[in-house]
Structure formats: C-alpha cells, structure tokens
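Enquirer: One structure, pasted below without further comment.
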Amino acid sequence: MSNIDYTLGEAWLAVALACLGTFGWRFIGVILAGRIATDTPLMAWINSVAYAMVSGVLMLILVYPTGVLATTELDHRFMGLFIGLATMILTKKLFYALCAGLGSFAIIVTIYN
C-alpha cells in the first residue's frame, strides 16, 4: 500500500465533488418528483426494491453486527425487533415502535448480562 499525501485543496475538492454528486441527483429528484405518477407499475417496483434493500440491510445488521452490537446475543436482538414490530402493528406510530423496540432491547440486554 502506498502512502499518498493530499494537499488541503485536493481534500476540499474531493468533498465538494462528492457533495455535488450527491446533492445534484437529489435536486433533480425534487424537481421531477411532482411530475412522476405514483400509481404506476414502475413506481410499485421501485418501492418494492427500496423496501427489500432496507430489509436486507436490517437483517445484515441484526444477524452479523459490528461494534458494540456484536457483543449482544442474537435472540436478544430479535426480541427487540419483534417487540418493535408488534408495537408498530398495534399503534401505527413509528416513534412508539422505536421506543418500544430500543427500550425492550436495552432492558433484555441489561437483565441477561
């Protein structure tokens, strides 16, 4: 591995280009959002793919965690998930579901460790 030295100007240029790449596409999305029909099969497919990606990342974090979460048991993580999901189904409130899932996970980890 080589040791590459960057100047301060090059570092700021890289940050500016990354921001331009990210915010440019978001700006185009905001402009086009009002013109896209949301009830088409294409949009249903895009929503399905987005939900699948979020679910995949969630399962990856739950099953193969890194950092401090890796020190907890798999069944404790799943109990927190299921309690949060049950709360979401019962209340239809995301805030309550997050509080219930995180709170129950913290209590379970505290009790069993």
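Labeling convention for the structure tokens: chains A, B, ... as they appear, residues from 1 per chain, ligands from 1 in order of appearance.
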Might you pull out every residue within 12 Å of A:Phe82, with only C-alpha atoms counted and same-chain residues fewer than 2 positions away left off, and present them as a ChimeraX atom specification?

Expert: /A:62,75-80,84-89,97-98,100-102,104-105

Enquirer: If you run DSSP on this backbone, which residues of chain A come out as helix (DSSP H, G or I), and could you give them as JSON, numbers by chain?

Expert: {"A": [8, 9, 10, 11, 12, 13, 14, 15, 16, 17, 18, 19, 20, 21, 22, 23, 24, 25, 26, 27, 28, 29, 30, 31, 32, 33, 41, 42, 43, 44, 45, 46, 47, 48, 49, 50, 51, 52, 53, 54, 55, 56, 57, 58, 59, 60, 61, 62, 63, 67, 68, 69, 70, 71, 74, 75, 76, 77, 78, 79, 80, 81, 82, 83, 84, 85, 86, 87, 88, 89, 90, 91, 94, 95, 96, 97, 98, 99, 100, 101, 102, 103, 104, 105, 106, 107, 108, 109, 110, 111, 112]}

Enquirer: Counting only C-alpha atoms, which residue out of A:Leu81, A:Asn113, A:Leu13, A:Leu74 sits closest to A:Cys99?

Expert: A:Leu81

Enquirer: Do you know which residues are at most 12 Å from stretch 46-60 of chain A counting only C-alpha atoms, after dropping those on the same chain fewer than 3 positions away, and could you put them as a PyMOL selection string?

Expert: chain A and resi 38-43+63-66+70+74+77-78+81

Enquirer: In Å to one decimal, how far is atom CA of A:Tyr112 from atom CA of A:Val68?

Expert: 15.8 Å
